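Have a look at upload37.cif; it's mmCIF, C-alpha atoms and all ligand atoms:
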data_input
loop_
_atom_site.label_atom_id
_atom_site.label_comp_id
_atom_site.auth_asym_id
_atom_site.auth_seq_id
_atom_site.Cartn_x
_atom_site.Cartn_y
_atom_site.Cartn_z
CA MET A 96 -80.73 -163.92 13.73
CA HIS A 97 -78.32 -166.76 13.96
CA SER A 98 -75.82 -166.60 16.81
CA CYS A 99 -72.65 -168.67 17.05
CA GLY A 100 -71.11 -167.03 20.11
CA PRO A 101 -68.30 -164.52 20.53
CA LEU A 102 -67.00 -162.94 17.43
CA TRP A 103 -63.43 -161.78 17.09
CA MET A 104 -62.52 -160.37 13.75
CA SER A 105 -58.99 -160.88 12.58
CA LEU A 106 -59.09 -160.62 8.82
CA ALA A 107 -61.47 -157.73 8.39
CA LEU A 108 -59.11 -155.54 6.43
CA LEU A 109 -58.79 -158.17 3.76
CA VAL A 110 -62.43 -158.32 2.80
CA PHE A 111 -62.50 -155.20 0.72
CA ALA A 112 -59.43 -155.90 -1.28
CA ALA A 113 -60.77 -158.45 -3.74
CA THR A 114 -64.21 -157.06 -4.45
CA VAL A 115 -65.24 -156.81 -8.05
CA GLY A 116 -65.90 -153.19 -8.98
CA ALA A 117 -67.68 -153.10 -12.32
CA GLY A 118 -71.32 -152.67 -13.33
CA ASP A 119 -73.86 -153.61 -10.72
CA VAL A 120 -71.70 -156.09 -8.91
CA PRO A 121 -71.40 -155.13 -5.24
CA GLU A 122 -68.32 -153.19 -4.32
CA GLN A 123 -66.86 -151.26 -1.39
CA LEU A 124 -67.69 -153.91 1.18
CA ARG A 125 -67.34 -152.67 4.72
CA LEU A 126 -67.86 -154.32 8.07
CA ALA A 127 -68.92 -152.89 11.41
CA LEU A 128 -69.37 -154.23 14.91
CA THR A 129 -72.71 -153.82 16.66
CA GLY A 130 -71.57 -154.19 20.27
CA VAL A 131 -73.26 -157.60 20.50
CA ASN A 132 -71.03 -160.65 20.40
CA GLY A 133 -71.80 -162.67 17.32
CA GLU A 134 -73.24 -159.80 15.30
CA MET A 135 -71.76 -157.96 12.36
CA VAL A 136 -73.05 -155.39 9.94
CA VAL A 137 -71.95 -155.57 6.34
CA GLY A 138 -72.50 -152.71 3.95
CA TRP A 139 -71.79 -152.45 0.25
CA THR A 140 -72.54 -150.29 -2.74
CA THR A 141 -74.27 -151.10 -6.01
CA GLN A 142 -75.85 -149.01 -8.73
CA LEU A 143 -79.20 -150.82 -8.83
CA ASP A 144 -81.56 -151.74 -6.03
CA ALA A 145 -82.28 -155.22 -7.39
CA GLY A 146 -81.93 -156.95 -4.06
CA SER A 147 -79.57 -157.00 -1.12
CA THR A 148 -78.74 -160.46 0.09
CA VAL A 149 -76.00 -161.89 2.25
CA GLU A 150 -75.21 -165.58 1.95
CA TYR A 151 -72.96 -166.93 4.66
CA THR A 152 -71.77 -170.08 6.27
CA CYS A 153 -69.43 -171.29 8.96
CA ASP A 154 -68.03 -174.64 9.93
CA GLY A 155 -70.75 -176.79 11.38
CA CYS A 156 -73.44 -174.12 11.33
CA GLY A 157 -75.04 -174.66 7.92
CA HIS A 158 -75.79 -172.12 5.23
CA PHE A 159 -77.83 -168.98 5.76
CA THR A 160 -79.35 -166.19 3.70
CA VAL A 161 -80.20 -162.77 5.12
CA GLU A 162 -82.05 -160.04 3.26
CA GLY A 163 -80.89 -156.51 4.01
CA ASN A 164 -82.44 -153.13 3.54
CA ALA A 165 -81.18 -150.74 0.87
CA SER A 166 -81.17 -147.02 1.37
CA ARG A 167 -80.29 -144.23 -0.99
CA TYR A 168 -79.36 -140.60 -0.67
CA SER A 169 -79.61 -138.05 -3.40
CA ILE A 170 -77.34 -135.10 -4.06
CA PRO A 171 -78.40 -132.98 -7.08
CA ALA A 172 -74.86 -132.37 -8.30
CA TYR A 173 -73.94 -136.01 -7.97
CA THR A 174 -74.65 -137.65 -11.33
CA PRO A 175 -73.37 -140.62 -13.41
CA PRO A 176 -71.01 -142.29 -14.12
CA TYR A 177 -71.95 -143.25 -10.62
CA THR A 178 -75.59 -143.11 -9.77
CA SER A 179 -76.61 -142.48 -6.21
CA PRO A 180 -75.15 -145.43 -4.38
CA LEU A 181 -77.11 -147.84 -2.31
CA LEU A 182 -76.04 -149.01 1.09
CA HIS A 183 -77.07 -152.50 2.09
CA CYS A 184 -76.88 -153.50 5.70
CA THR A 185 -77.85 -156.49 7.68
CA ALA A 186 -76.60 -158.06 10.87
CA PHE A 187 -75.46 -161.63 11.14
CA VAL A 188 -72.77 -163.97 12.35
CA LEU A 189 -70.31 -164.82 9.65
CA TYR A 190 -67.27 -166.78 8.82
CA SER A 191 -67.55 -166.93 5.01
CA TYR A 192 -69.91 -164.77 3.04
CA ARG A 193 -70.77 -163.05 -0.20
CA VAL A 194 -73.20 -160.23 -0.93
CA GLY A 195 -75.34 -159.23 -3.89
CA HIS A 196 -78.25 -160.75 -5.81
CA SER A 197 -78.74 -163.22 -8.62
CA LYS A 198 -79.99 -160.41 -10.89
CA THR A 199 -77.01 -158.15 -10.34
CA GLY A 200 -74.21 -160.54 -9.52
CA TRP A 201 -72.31 -161.42 -6.40
CA SER A 202 -69.21 -160.21 -4.67
CA TRP A 203 -66.36 -162.60 -4.23
CA THR A 204 -66.58 -164.78 -1.14
CA HIS A 205 -64.83 -163.22 1.83
CA GLN A 206 -63.90 -164.60 5.20
CA PHE A 207 -62.85 -163.55 8.61
CA MET A 208 -61.82 -165.65 11.55
CA THR A 209 -63.07 -165.93 15.09
CA LYS A 210 -61.42 -166.47 18.43
CA ALA A 211 -62.77 -168.89 20.98
CA ASP A 212 -63.01 -166.55 23.96
CA VAL A 213 -64.14 -162.94 24.03
CA GLN A 214 -62.01 -162.04 27.07
CA PRO A 215 -58.37 -161.44 26.17
CA THR A 216 -55.42 -163.06 27.83
CA PRO A 217 -51.78 -161.95 27.96
CA ASP A 218 -51.08 -164.47 25.22
CA SER A 219 -54.04 -163.37 23.13
CA PRO A 220 -54.73 -159.69 23.82
CA LEU A 221 -57.48 -157.57 22.33
CA ARG A 222 -55.84 -155.69 19.47
CA PHE A 223 -57.09 -152.75 17.44
CA LEU A 224 -55.68 -150.08 15.16
CA SER A 225 -56.33 -146.35 15.06
CA ILE A 226 -56.16 -144.00 12.09
CA GLY A 227 -57.30 -140.46 11.39
CA ASP A 228 -57.33 -137.84 8.64
CA GLU A 229 -56.91 -140.26 5.81
CA GLY A 230 -58.30 -139.40 2.36
CA THR A 231 -57.31 -141.08 -0.87
CA ILE A 232 -54.01 -139.51 -1.85
CA LYS A 233 -50.60 -141.17 -1.92
CA GLY A 234 -49.86 -140.81 1.79
CA ALA A 235 -53.14 -142.49 2.71
CA LYS A 236 -52.39 -145.45 0.51
CA GLU A 237 -48.99 -145.80 2.18
CA VAL A 238 -50.67 -145.90 5.57
CA LEU A 239 -53.14 -148.49 4.32
CA ALA A 240 -50.30 -150.62 2.99
CA GLY A 241 -48.61 -150.39 6.38
CA MET A 242 -51.81 -151.52 8.11
CA LEU A 243 -52.07 -154.52 5.83
CA VAL A 244 -48.52 -155.47 6.80
CA ALA A 245 -49.53 -155.06 10.44
CA GLN A 246 -52.58 -157.26 9.88
CA GLU A 247 -50.42 -160.08 8.66
CA LYS A 248 -48.18 -159.72 11.72
CA PHE A 249 -50.67 -158.99 14.47
CA HIS A 250 -54.17 -160.06 13.39
CA PHE A 251 -55.91 -157.14 15.03
CA ASP A 252 -59.61 -157.32 15.87
CA PHE A 253 -61.01 -154.02 14.60
CA LEU A 254 -60.04 -150.49 13.67
CA VAL A 255 -61.24 -147.09 14.84
CA HIS A 256 -61.13 -144.05 12.59
CA GLY A 257 -61.08 -140.65 14.27
CA GLY A 258 -62.68 -138.70 11.45
CA ASP A 259 -61.82 -136.91 8.23
CA ILE A 260 -62.28 -140.20 6.48
CA SER A 261 -62.42 -139.77 2.70
CA TYR A 262 -61.95 -136.01 2.40
CA ALA A 263 -65.03 -136.02 0.20
CA ASN A 264 -65.83 -132.44 1.25
CA GLY A 265 -69.25 -132.99 -0.26
CA ILE A 266 -67.92 -134.43 -3.53
CA GLN A 267 -69.71 -137.73 -3.62
CA ASP A 268 -67.48 -139.71 -5.96
CA ILE A 269 -64.58 -139.20 -3.55
CA TRP A 270 -66.55 -141.45 -1.22
CA ASP A 271 -66.63 -144.03 -3.99
CA GLN A 272 -62.86 -143.86 -4.40
CA TRP A 273 -62.32 -144.15 -0.67
CA GLY A 274 -64.84 -146.94 -0.20
CA GLN A 275 -62.60 -149.32 -2.06
CA LEU A 276 -59.96 -148.95 0.63
CA VAL A 277 -61.42 -149.63 4.04
CA PRO A 278 -63.90 -151.19 6.50
CA TRP A 279 -63.96 -149.99 10.14
CA MET A 280 -65.61 -148.15 13.06
CA VAL A 281 -65.81 -144.44 12.29
CA SER A 282 -66.40 -141.09 13.96
CA VAL A 283 -67.23 -137.95 12.05
CA GLY A 284 -64.73 -135.23 11.09
CA ASN A 285 -65.17 -131.75 9.67
CA HIS A 286 -64.42 -132.97 6.13
CA GLU A 287 -67.43 -135.28 6.33
CA MET A 288 -69.62 -132.22 6.97
CA ARG A 289 -68.59 -129.82 4.18
CA PRO A 290 -69.92 -127.92 2.42
CA ASN A 291 -73.00 -126.62 4.13
CA GLN A 292 -73.10 -129.46 6.64
CA THR A 293 -73.69 -132.04 3.89
CA ASP A 294 -73.21 -135.17 5.93
CA ALA A 295 -75.33 -137.59 3.85
CA GLY A 296 -72.30 -139.53 2.66
CA PHE A 297 -71.27 -140.23 6.24
CA LEU A 298 -74.76 -141.04 7.45
CA TYR A 299 -75.72 -143.39 4.62
CA ARG A 300 -72.50 -145.22 3.92
CA PHE A 301 -71.89 -146.46 7.43
CA ALA A 302 -73.97 -148.36 9.93
CA MET A 303 -72.52 -147.73 13.35
CA PRO A 304 -74.25 -149.13 16.47
CA THR A 305 -75.99 -145.90 17.47
CA ALA A 306 -79.42 -147.36 18.16
CA GLN A 307 -77.88 -150.36 19.91
CA SER A 308 -76.15 -148.00 22.32
CA GLY A 309 -79.21 -145.93 23.15
CA GLY A 310 -78.60 -143.04 20.79
CA GLU A 311 -80.57 -141.35 18.04
CA SER A 312 -77.76 -139.56 16.25
CA GLY A 313 -77.31 -141.59 13.09
CA ASN A 314 -73.64 -142.49 13.12
CA MET A 315 -72.59 -139.39 15.02
CA TYR A 316 -72.03 -140.83 18.49
CA TYR A 317 -72.34 -144.33 19.86
CA SER A 318 -70.59 -146.98 21.94
CA PHE A 319 -69.88 -150.66 21.74
CA ASP A 320 -68.31 -153.34 23.89
CA TYR A 321 -65.65 -155.59 22.49
CA GLY A 322 -63.66 -157.98 24.60
CA ASN A 323 -62.70 -156.12 27.77
CA ALA A 324 -63.09 -152.66 26.24
CA HIS A 325 -65.99 -150.22 26.16
CA MET A 326 -65.43 -148.04 23.09
CA ILE A 327 -67.07 -144.61 22.75
CA ALA A 328 -67.26 -142.58 19.54
CA LEU A 329 -68.25 -138.92 19.87
CA GLU A 330 -69.07 -136.08 17.47
CA SER A 331 -66.64 -133.21 17.90
CA GLU A 332 -68.35 -131.27 15.09
CA ALA A 333 -71.50 -130.60 17.14
CA GLN A 334 -72.69 -127.02 17.63
CA ASN A 335 -73.26 -127.71 21.30
CA PHE A 336 -72.70 -130.77 23.44
CA SER A 337 -75.78 -130.96 25.66
CA ALA A 338 -77.33 -133.93 23.83
CA GLN A 339 -74.04 -135.80 23.82
CA TYR A 340 -73.50 -134.98 27.47
CA ASP A 341 -76.85 -136.53 28.40
CA TRP A 342 -76.24 -139.62 26.27
CA LEU A 343 -72.65 -139.98 27.47
CA LYS A 344 -73.64 -139.73 31.12
CA ARG A 345 -76.17 -142.55 30.62
CA ASP A 346 -73.72 -144.59 28.61
CA LEU A 347 -70.90 -144.33 31.14
CA ALA A 348 -73.24 -145.11 34.03
CA GLN A 349 -74.14 -148.50 32.58
CA VAL A 350 -70.59 -149.68 31.92
CA ASN A 351 -69.77 -152.82 33.89
CA ARG A 352 -66.09 -152.36 34.73
CA THR A 353 -65.81 -155.98 35.75
CA VAL A 354 -66.61 -157.03 32.18
CA THR A 355 -65.12 -154.04 30.36
CA PRO A 356 -62.51 -152.49 32.66
CA TRP A 357 -61.14 -150.36 29.83
CA ILE A 358 -63.00 -147.33 28.50
CA ILE A 359 -61.54 -145.79 25.35
CA GLY A 360 -62.96 -142.79 23.49
CA PHE A 361 -62.35 -141.69 19.93
CA TRP A 362 -63.42 -138.65 17.98
CA HIS A 363 -61.99 -136.00 15.69
CA ARG A 364 -60.84 -132.76 17.36
CA PRO A 365 -58.14 -133.19 20.02
CA TRP A 366 -58.59 -131.91 23.55
CA TYR A 367 -54.84 -131.78 24.07
CA SER A 368 -52.58 -130.75 21.19
CA SER A 369 -49.50 -128.51 21.19
CA ASN A 370 -49.37 -128.21 17.40
CA VAL A 371 -49.93 -124.69 16.06
CA GLU A 372 -52.45 -125.96 13.50
CA HIS A 373 -56.07 -126.03 14.75
CA ALA A 374 -54.95 -124.83 18.17
CA GLY A 375 -57.86 -124.95 20.61
CA SER A 376 -60.26 -126.58 18.15
CA GLY A 377 -61.50 -129.05 20.78
CA ASP A 378 -61.70 -126.65 23.71
CA VAL A 379 -65.49 -126.21 23.75
CA MET A 380 -66.04 -129.96 23.65
CA ARG A 381 -63.42 -130.50 26.33
CA GLY A 382 -65.08 -127.92 28.57
CA ALA A 383 -68.39 -129.71 28.19
CA LEU A 384 -67.32 -133.32 28.63
CA GLU A 385 -63.91 -133.63 30.31
CA ALA A 386 -65.25 -133.89 33.85
CA LEU A 387 -67.51 -136.77 32.83
CA PHE A 388 -64.52 -138.62 31.43
CA PHE A 389 -62.44 -137.98 34.53
CA ASP A 390 -65.18 -138.88 37.00
CA ASN A 391 -65.81 -142.15 35.19
CA ARG A 392 -62.15 -143.01 34.93
CA VAL A 393 -61.94 -143.19 31.17
CA ASP A 394 -58.53 -144.60 30.28
CA MET A 395 -57.57 -143.36 26.85
CA VAL A 396 -58.74 -141.04 24.07
CA ILE A 397 -57.75 -141.14 20.40
CA THR A 398 -58.39 -138.17 18.11
CA GLY A 399 -57.22 -136.72 14.79
CA HIS A 400 -57.82 -133.41 12.95
CA VAL A 401 -54.29 -132.11 13.46
CA HIS A 402 -52.11 -133.82 10.86
CA CYS A 403 -49.37 -135.11 13.12
CA TYR A 404 -48.83 -137.45 16.04
CA GLU A 405 -48.80 -136.44 19.69
CA ARG A 406 -49.10 -138.50 22.88
CA THR A 407 -49.81 -136.98 26.25
CA LEU A 408 -49.27 -138.18 29.78
CA PRO A 409 -52.48 -138.66 31.81
CA VAL A 410 -53.89 -135.13 32.09
CA TYR A 411 -56.99 -133.43 33.49
CA GLN A 412 -57.86 -129.75 33.07
CA GLY A 413 -54.37 -129.09 31.77
CA ALA A 414 -52.54 -130.59 34.75
CA LEU A 415 -50.85 -133.97 35.08
CA ASN A 416 -53.09 -136.44 36.90
CA ASP A 417 -52.42 -140.17 37.11
CA GLU A 418 -56.12 -140.96 37.32
CA ALA A 419 -56.99 -139.10 34.11
CA PRO A 420 -57.07 -140.39 30.53
CA PHE A 421 -54.07 -140.05 28.30
CA TYR A 422 -54.64 -138.59 24.86
CA ILE A 423 -53.43 -139.48 21.41
CA THR A 424 -53.63 -137.08 18.50
CA ASN A 425 -53.34 -139.32 15.46
CA GLY A 426 -54.09 -137.25 12.39
CA ALA A 427 -51.21 -138.90 10.58
CA GLY A 428 -53.34 -140.97 8.21
CA GLY A 429 -51.84 -139.59 5.03
CA ASN A 430 -53.50 -136.31 4.11
CA GLY A 431 -50.63 -133.86 4.54
CA MET A 432 -48.55 -133.04 7.60
CA ASP A 433 -48.73 -130.23 10.16
CA ASP A 434 -45.16 -129.76 11.40
CA THR A 435 -45.27 -126.49 13.32
CA TRP A 436 -45.25 -126.89 17.07
CA GLY A 437 -45.70 -124.54 19.98
CA ASP A 438 -43.78 -124.87 23.22
CA ALA A 439 -44.17 -128.39 24.62
CA PRO A 440 -46.46 -128.41 27.70
CA GLU A 441 -45.56 -130.69 30.59
CA TRP A 442 -48.32 -133.08 29.53
CA SER A 443 -46.88 -133.56 26.04
CA ALA A 444 -44.86 -136.80 26.01
CA LYS A 445 -44.10 -137.28 22.32
CA ARG A 446 -44.53 -135.26 19.12
CA LEU A 447 -43.87 -136.55 15.62
CA ALA A 448 -44.52 -135.42 12.08
CA ALA A 449 -44.73 -138.77 10.27
CA TYR A 450 -47.43 -140.77 8.57
CA GLY A 451 -48.55 -143.84 10.42
CA PHE A 452 -51.19 -145.65 12.44
CA GLY A 453 -51.72 -146.55 16.06
CA TYR A 454 -51.86 -150.03 17.52
CA VAL A 455 -53.46 -150.86 20.86
CA GLU A 456 -53.10 -154.09 22.80
CA LEU A 457 -55.18 -154.83 25.89
CA PHE A 458 -53.57 -157.76 27.65
CA ASN A 459 -55.83 -157.95 30.68
CA ALA A 460 -57.73 -155.63 33.03
CA THR A 461 -54.68 -153.62 34.02
CA HIS A 462 -52.17 -153.47 31.16
CA LEU A 463 -52.59 -151.51 27.92
CA HIS A 464 -49.81 -151.15 25.38
CA TRP A 465 -49.90 -148.39 22.78
CA THR A 466 -47.60 -148.15 19.78
CA MET A 467 -47.47 -145.68 16.93
CA ARG A 468 -46.20 -147.31 13.77
CA SER A 469 -44.65 -146.02 10.62
CA SER A 470 -46.71 -146.31 7.44
CA SER A 471 -43.76 -147.61 5.45
CA ASP A 472 -42.91 -150.75 7.41
CA SER A 473 -45.12 -150.69 10.54
CA ALA A 474 -41.98 -150.08 12.64
CA VAL A 475 -42.59 -148.69 16.14
CA ILE A 476 -41.97 -144.92 16.26
CA ASP A 477 -43.49 -144.35 19.71
CA GLU A 478 -44.80 -146.59 22.46
CA ALA A 479 -46.19 -146.42 25.96
CA TRP A 480 -47.62 -148.68 28.62
CA LEU A 481 -50.66 -147.70 30.60
CA VAL A 482 -50.83 -149.74 33.80
CA ARG A 483 -53.97 -149.11 35.83
CA PRO A 484 -54.69 -150.32 39.37
CA ALA A 485 -56.96 -153.34 39.44
CA ASP A 486 -59.29 -151.60 41.90
CA ARG A 487 -59.86 -148.44 39.89
CA PHE A 488 -63.37 -149.21 38.76
CA GLN A 489 -65.29 -147.13 41.27
CA THR A 490 -66.38 -143.76 39.93
CA ARG A 491 -65.67 -140.74 42.08
CA ARG A 492 -69.28 -139.72 42.40
FE FE A 501 -60.31 -132.30 10.50
#
Translate the structure of the given file into structure tokens.
Ligand SMILES: [Fe+2]
Amino acid sequence: MHSCGPLWMSLALLVFAATVGAGDVPEQLRLALTGVNGEMVVGWTTQLDAGSTVEYTCDGCGHFTVEGNASRYSIPAYTPPYTSPLLHCTAFVLYSYRVGHSKTGWSWTHQFMTKADVQPTPDSPLRFLSIGDEGTIKGAKEVLAGMLVAQEKFHFDFLVHGGDISYANGIQDIWDQWGQLVPWMVSVGNHEMRPNQTDAGFLYRFAMPTAQSGGESGNMYYSFDYGNAHMIALESEAQNFSAQYDWLKRDLAQVNRTVTPWIIGFWHRPWYSSNVEHAGSGDVMRGALEALFFDNRVDMVITGHVHCYERTLPVYQGALNDEAPFYITNGAGGNGMDDTWGDAPEWSAKRLAAYGFGYVELFNATHLHWTMRSSSDSAVIDEAWLVRPADRFQTRR
């Protein structure tokens, strides 16, 4: 594998937009981080397994060709006009690239840019977006349009998706519709699992860094480092959480808080929501894992599932606690709105029923800025600073 040093992605959202979508030409390009600086996974979909090649180049580094591995899943009820799609993945450093094969045709050439230094500075913070509960209907496209506006303004580095991605609900061609919209880091939601726990679309269409982070769960739970953040994706749809607990305990124990002072989790079902819809849906998971998060001084958690926006104050076991994570419910990705609220608990800082996306900036080891932005014009509709003590990196146990 070729390595050119730290990789900061700033144009990732643009790569899917211009992909040719007819015949066997690759389509639905999607990128993923691996947790290793200088590595990237690219996936795409074609109808024939005639070859899966990535050609790429960067200034001063020559031209390279990488062969990927195709995989296919089969669902009996899923028939043409789309045949069972292929997912091609390989890892490489890239600046300009195209994917495909001479027999089937090539995608357009795409690019993304790099930054010189992996550690952020106040002038050049780590930036990422958050979205959840998206789908392919009108509201989702509005949110996507808002994120593209934000990309032009802010040049964010990556995006995390808290689950309920395409709303395929087992209907495979919904994945094909959705795949033309987005590339990003994903966690699984309940609508990836239906019906009858059919999760093949989620498992085969993404290539999250599960193995790289010591897991064996497919894409279900994993972690990766990026800049000064350690990012953790969990599976809130699990029947029990013992396997995740064991993996999470190992994962948190190896975090170097000098290198990655921030720990941020994302998954689907919220641990703290005061919306009437899906009330208590994350309680079992919270009971199993919350102490681990608190003991290891996790900073922030982003979830979805409930179709609204809610931000909490730092909270642990239902009580305000300055040393605990604060929680975002961001299920406002465009697939309907849940606008019925219960009484506001003391930990609930902001509640909104509006489509939008979240935007995180990590300026240094101590200052995190969160904004929730409207889908229509990326205007700020909620914001908060999280300022942590510089000496917080010792765990309690
Ligand atoms: Fe959900």
Using all atoms listed in the file, the shortest atom-to-atom distance to A:Ser225 among A:Asp417, A:Asp346, A:Glu237, A:Asp252 belongs to A:Asp252
Excluding same-chain residues fewer than 3 positions from A:Lys236, what lies within 10 Å of it counting only C-alpha atoms, as JSON, numbers by chain? {"A": [229, 230, 231, 232, 233, 239, 240, 241, 242, 276, 428, 429, 430, 470]}
Pairwise distance, atom CA of A:Gly138 with atom CA of A:Val283, equals 17.6 Å
Report task. Select, from A:Asp433, A:Glu134, A:Asp320, A:Glu311, the residue with the minimum atom-to-atom distance to ligand FE 501 (chain A), counting all atoms listed in the file. Result ->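 For ligand FE 501 (chain A), the nearest of the candidates is A:Asp433.
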Between atom CA of A:Arg300 and atom CA of A:Gly234, what is the spacing in Å?
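Spanning atom CA of A:Gly234 to atom CA of A:Arg300 is a straight-line distance of 23.2 Å.
Each of A:Gly431, A:Gly375, A:Gly227, A:Gly284 was compared to ligand FE 501 (chain A) using only C-alpha atoms and all ligand atoms, and A:Gly284 turns out to be the nearest.
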Exercise for the section: Using only C-alpha atoms and all ligand atoms, find each residue with an atom at most 7 Å away from ligand FE 501 (chain A) and format the answer as a PyMOL selection string. Expected result: chain A and resi 228+258-259+284-286+363-364+399-401
Taking (-54.9, -127.0, 16.6) in the coordinates of the supplied file, I want to know which residues reach to within 12 Å of it, counting only C-alpha atoms; could you give the answer as a ChimeraX atom specification? /A:363-378,398-403,405,424,426,433-437
Would you write out those residues with C-alpha atoms, as a tab-separated table (two decimals), in the frame of the given file?
chain	number	residue	atom	x	y	z
A	363	HIS	CA	-61.99	-136.00	15.69
A	364	ARG	CA	-60.84	-132.76	17.36
A	365	PRO	CA	-58.14	-133.19	20.02
A	366	TRP	CA	-58.59	-131.91	23.55
A	367	TYR	CA	-54.84	-131.78	24.07
A	368	SER	CA	-52.58	-130.75	21.19
A	369	SER	CA	-49.50	-128.51	21.19
A	370	ASN	CA	-49.37	-128.21	17.40
A	371	VAL	CA	-49.93	-124.69	16.06
A	372	GLU	CA	-52.45	-125.96	13.50
A	373	HIS	CA	-56.07	-126.03	14.75
A	374	ALA	CA	-54.95	-124.83	18.17
A	375	GLY	CA	-57.86	-124.95	20.61
A	376	SER	CA	-60.26	-126.58	18.15
A	377	GLY	CA	-61.50	-129.05	20.78
A	378	ASP	CA	-61.70	-126.65	23.71
A	398	THR	CA	-58.39	-138.17	18.11
A	399	GLY	CA	-57.22	-136.72	14.79
A	400	HIS	CA	-57.82	-133.41	12.95
A	401	VAL	CA	-54.29	-132.11	13.46
A	402	HIS	CA	-52.11	-133.82	10.86
A	403	CYS	CA	-49.37	-135.11	13.12
A	405	GLU	CA	-48.80	-136.44	19.69
A	424	THR	CA	-53.63	-137.08	18.50
A	426	GLY	CA	-54.09	-137.25	12.39
A	433	ASP	CA	-48.73	-130.23	10.16
A	434	ASP	CA	-45.16	-129.76	11.40
A	435	THR	CA	-45.27	-126.49	13.32
A	436	TRP	CA	-45.25	-126.89	17.07
A	437	GLY	CA	-45.70	-124.54	19.98
If you count only C-alpha atoms, which residues fall within 8 Å of A:Gly322, apart from same-chain ones fewer than 6 positions away, as a VMD selection string?
-> chain A and resid 213 to 215 221 355
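Taking atom CA of A:Met280 as the reference point, atom CA of A:Gln412 is found at 28.3 Å.
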Would you pull stretch 308-336 of chain A out of the block just shown and save C-alpha atoms as an mmCIF file, in the first residue's frame?
data_model
loop_
_atom_site.group_PDB
_atom_site.id
_atom_site.type_symbol
_atom_site.label_atom_id
_atom_site.label_comp_id
_atom_site.auth_asym_id
_atom_site.auth_seq_id
_atom_site.Cartn_x
_atom_site.Cartn_y
_atom_site.Cartn_z
ATOM 1 C CA SER A 308 -10.367 -1.726 15.420
ATOM 2 C CA GLY A 309 -10.238 -5.249 16.801
ATOM 3 C CA GLY A 310 -13.822 -6.259 16.136
ATOM 4 C CA GLU A 311 -15.517 -9.094 14.303
ATOM 5 C CA SER A 312 -18.957 -7.602 13.848
ATOM 6 C CA GLY A 313 -19.035 -6.723 10.166
ATOM 7 C CA ASN A 314 -19.946 -3.051 10.142
ATOM 8 C CA MET A 315 -21.931 -3.215 13.363
ATOM 9 C CA TYR A 316 -19.479 -1.647 15.796
ATOM 10 C CA TYR A 317 -16.009 -0.231 15.347
ATOM 11 C CA SER A 318 -13.790 2.745 16.116
ATOM 12 C CA PHE A 319 -11.353 4.947 14.297
ATOM 13 C CA ASP A 320 -8.982 7.784 15.099
ATOM 14 C CA TYR A 321 -9.065 10.956 13.090
ATOM 15 C CA GLY A 322 -7.125 14.035 14.035
ATOM 16 C CA ASN A 323 -7.536 14.487 17.783
ATOM 17 C CA ALA A 324 -10.737 12.439 18.006
ATOM 18 C CA HIS A 325 -11.376 8.790 18.781
ATOM 19 C CA MET A 326 -14.714 7.955 17.156
ATOM 20 C CA ILE A 327 -16.789 4.957 18.287
ATOM 21 C CA ALA A 328 -19.748 3.496 16.381
ATOM 22 C CA LEU A 329 -21.991 1.072 18.280
ATOM 23 C CA GLU A 330 -24.908 -1.201 17.408
ATOM 24 C CA SER A 331 -28.000 -0.222 19.360
ATOM 25 C CA GLU A 332 -30.033 -2.945 17.628
ATOM 26 C CA ALA A 333 -28.222 -5.789 19.422
ATOM 27 C CA GLN A 334 -30.244 -8.336 21.398
ATOM 28 C CA ASN A 335 -27.772 -8.072 24.245
ATOM 29 C CA PHE A 336 -24.680 -5.977 24.767
#
